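Visitor: The structure is given below, and queries will be raised subsequently.
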Amino acid sequence: MSSKYVFTKGLKELRFLFCQSSEQSAATRSFLMRAYPTMKKHNPHTPIMMREAAGTLPRVYARYDLGREEEKTLSGLSDKQIEEAVTLLVKASS
């Protein structure tokens with residue numbers, strides 16, 4: 001799991017938006033509880049932000065060099081599918 005979260009140099013920020021209590025965001029919360037320590041350990045200088053707001057559908061944004069940004073919706077995905085989506089985003093800047 002750890003090598004999946006070694007971010008490329010072009011990734012400048014990873015931002016998660018989700019609801020702190022909804023069932024739709026449960027897998028995202030579970031994923032972050034499990035994976036955040038590993039991501040931060042391997043990428044101490046890259047901001048990994050978590051934004052909780054009631055009623056927010058879960059999604060993740062990756063911001064790269066030159067202000068380019070990509071978004072993935074995480075609604076309806078399992079913890080494993082979220083892991084795969086995030087892995088693709090953090091490797092996309094290469």
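The chains in the structure tokens are called A, B, ... from first to last as shown; in each chain the residues are counted from 1, and the ligands are counted from 1 in the order shown.
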Just asking: which residues within chain A are alpha helix (DSSP H) according to DSSP, as a ChimeraX atom specification?
Guide: /A:26-42,79-91
Visitor: If we count only C-alpha atoms, what is near A:Met50 at a cut-off of 7 Å, once residues fewer than 5 positions away on the same chain are taken out, given as a VMD selection string?
Guide: chain A and resid 15 to 17
Visitor: Please dump the current selection as an mmCIF file, in the first residue's frame; keep N, CA and C atoms.
Guide:
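Saved as part_36.cif:
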data_model
loop_
_atom_site.group_PDB
_atom_site.id
_atom_site.type_symbol
_atom_site.label_atom_id
_atom_site.label_comp_id
_atom_site.auth_asym_id
_atom_site.auth_seq_id
_atom_site.Cartn_x
_atom_site.Cartn_y
_atom_site.Cartn_z
ATOM 1 N N ARG A 15 -7.133 17.037 -2.072
ATOM 2 C CA ARG A 15 -8.224 17.587 -1.257
ATOM 3 C C ARG A 15 -9.438 16.670 -1.313
ATOM 4 N N PHE A 16 -9.913 16.237 -0.145
ATOM 5 C CA PHE A 16 -11.085 15.386 -0.025
ATOM 6 C C PHE A 16 -12.243 16.214 0.502
ATOM 7 N N LEU A 17 -13.403 16.085 -0.118
ATOM 8 C CA LEU A 17 -14.630 16.720 0.364
ATOM 9 C C LEU A 17 -15.616 15.596 0.654
#
Visitor: Which residue, A:Lys91, A:Val6, A:Lys12, A:Ser30, has the smallest gap to A:Ile48 when you use only C-alpha atoms?
Guide: A:Lys12
Visitor: Taking the chain letters and numbering used in this document, name the residues of chain A that DSSP puts in strand (DSSP E or B), as number ranges by chain.
Guide: A: 11-18, 48-52, 59-64, 69-73
Visitor: Quick one: everything within 10 Å of stretch 66-75 of chain A, counting only C-alpha atoms, minus sequence neighbours fewer than 5 positions away in the same chain. Send it as a list in words.
Guide: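 Counting only C-alpha atoms, the residues come to Gly10, Leu11, Lys12, Glu13, Leu14, Arg15, Phe16, Leu17, Phe18, Glu23, Gln24, Ser25, Ala26, Ala27, Thr28, Leu57, Pro58, Arg59, Val60, Tyr61, Gln81, Ile82, Ala85, Val86, Leu88, Leu89, Ala92 and Ser93 of chain A.
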Visitor: Pick from A:Glu84, A:Cys19, A:Arg29, A:Pro37: nearest to A:Glu52, with only C-alpha atoms counted?
Guide: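 The closest residue to A:Glu52 is A:Cys19.
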Visitor: Of the residues A:Ala35, A:Ser21, A:Leu77, A:Lys4, which is the one nearest to A:Thr56, using only C-alpha atoms?
Guide: A:Ser21
